[in-house]
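Visitor: This is the structure, below, for whatever I ask next.
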Amino acid sequence: MGGVNDTIRDSVLFTTADSVISWSRRSALWPETFGIACCAIEMIAAGCARYDLDRFGVVFRPSPRQSDVMIIAGTVTRKFAPVVRRLYDQMPEPRWVIAMGTCAISGGVYNTYAVVQGAETFVPVDVHVPGCPPRPEALMHGFLLLQEKIKKSRALAGTPLDRIAVP
């Protein structure tokens with residue numbers, strides 16, 4: 001017998017709001033369509049049919065107000081860094097940044113006065129994807145690392161819902 005208990009066991013899910021919000025955030029990452037240099041070609045390739053980032057819930061968006069991930073793909077000059085920061089500021093919270101390529105991480109071979117030596121000097125970087133240029137598989141691995149980081153973070157930390165005491 002026990003048909004009712006089996007039905008309830010198969011139909012009810014017990015979880016916390018933090019885990020549901022974290023799951024929805026990491027399962028629907030929307031990076032901004034924004035490429036600066038040669039790494040952008042590999043970023044575009046990662047979104048095409050052969051690598052298919054859509055299966056991870058990664059859908060490229062054309063506007064910073066619609067996206068929650070910024071991929072800094074390539075060399076950033078000192079003149080262009082304020083523009084990148086403005087785009088970052090226009091993104092809604094929570095937002096994450098992936099620095100893709102050696103030039104975005106450390107300035108690469110361009111150790112000159114005009115090139116920013118690391119994107120973390122003007123935006124907070126969550127994941128670094130090394131390579132020159134990094135392969136699409138490396139960017140996919142970067143997205144998986146970002147999803148793990150989101151999974152481990154508390155979704156409601158610092159919000160009014162975080163202070164609710166449940167007896």
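Chain lettering (A, B, ...) mirrors the order of the structure tokens, residue numbering begins at 1 for each chain separately, and ligand numbering begins at 1 in order of display.
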Env of Thr77 (chain A): 10 Å cut, atoms = only C-alpha atoms, seq-sep filter 2 positions within chain, self excluded. Answer as a ChimeraX atom specification.
Guide: /A:36,74-75,79-82,104,107,110,112-117,119
Visitor: Give me the residues of region 43-113 of chain A that have any atom at most 9 Å from an atom of region 136-143 of chain A; for each, the nearest atom pair and the distance in Å, rounded to one decimal. Use only C-alpha atoms, sort by chain and number, and format it as a Markdown table.
Guide:
```
| residue | atom | partner | partner_atom | distance |
| --- | --- | --- | --- | --- |
| A:Met43 | CA | A:Pro136 | CA | 6.4 |
| A:Ile44 | CA | A:Pro136 | CA | 8.5 |
| A:Ala45 | CA | A:Pro136 | CA | 6.4 |
| A:Ala46 | CA | A:Pro136 | CA | 4.7 |
| A:Gly47 | CA | A:Pro136 | CA | 8.5 |
| A:Tyr51 | CA | A:Pro136 | CA | 7.2 |
| A:Leu53 | CA | A:Met140 | CA | 7.2 |
| A:Phe56 | CA | A:Phe143 | CA | 8.4 |
| A:Val58 | CA | A:Phe143 | CA | 8.4 |
| A:Ile98 | CA | A:Gly142 | CA | 7.5 |
| A:Met100 | CA | A:Leu139 | CA | 7.4 |
```
Visitor: For CA of Leu13 (chain A) and CA of Lys149 (chain A), determine how far apart the two atoms are, in Å to one decimal place.
Guide: 23.7 Å
Visitor: Write out as a VMD selection string the residues lying within 10 Å of Pro124 (chain A), counting only C-alpha atoms and excluding same-chain residues fewer than 2 positions away.
Guide: chain A and resid 88 95 to 99 119 to 122 126 to 127
Visitor: DSSP on the backbone: what in chain A comes out alpha helix (DSSP H), as JSON, numbers by chain?
Guide: {"A": [3, 4, 5, 6, 7, 8, 9, 10, 11, 17, 18, 19, 20, 21, 22, 23, 24, 25, 26, 39, 40, 41, 42, 43, 44, 45, 46, 47, 81, 82, 83, 84, 85, 86, 87, 88, 89, 90, 102, 103, 104, 105, 106, 136, 137, 138, 139, 140, 141, 142, 143, 144, 145, 146, 147, 148, 149, 150, 151, 152]}
Visitor: With only C-alpha atoms as the atoms that count, which of A:Val69, A:Arg55, A:Arg78, A:Ser22 lies nearest to Glu148 (chain A)?
Guide: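 Looking only at the distances to Glu148 (chain A), the closest residue turns out to be A:Ser22.
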Visitor: For Pro130 (chain A), which residue out of A:Cys48, A:Cys103, A:Met70, A:Val84 is the nearest one, using only C-alpha atoms?
Guide: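 Answer, going by the shortest atom-to-atom distance: A:Cys103.
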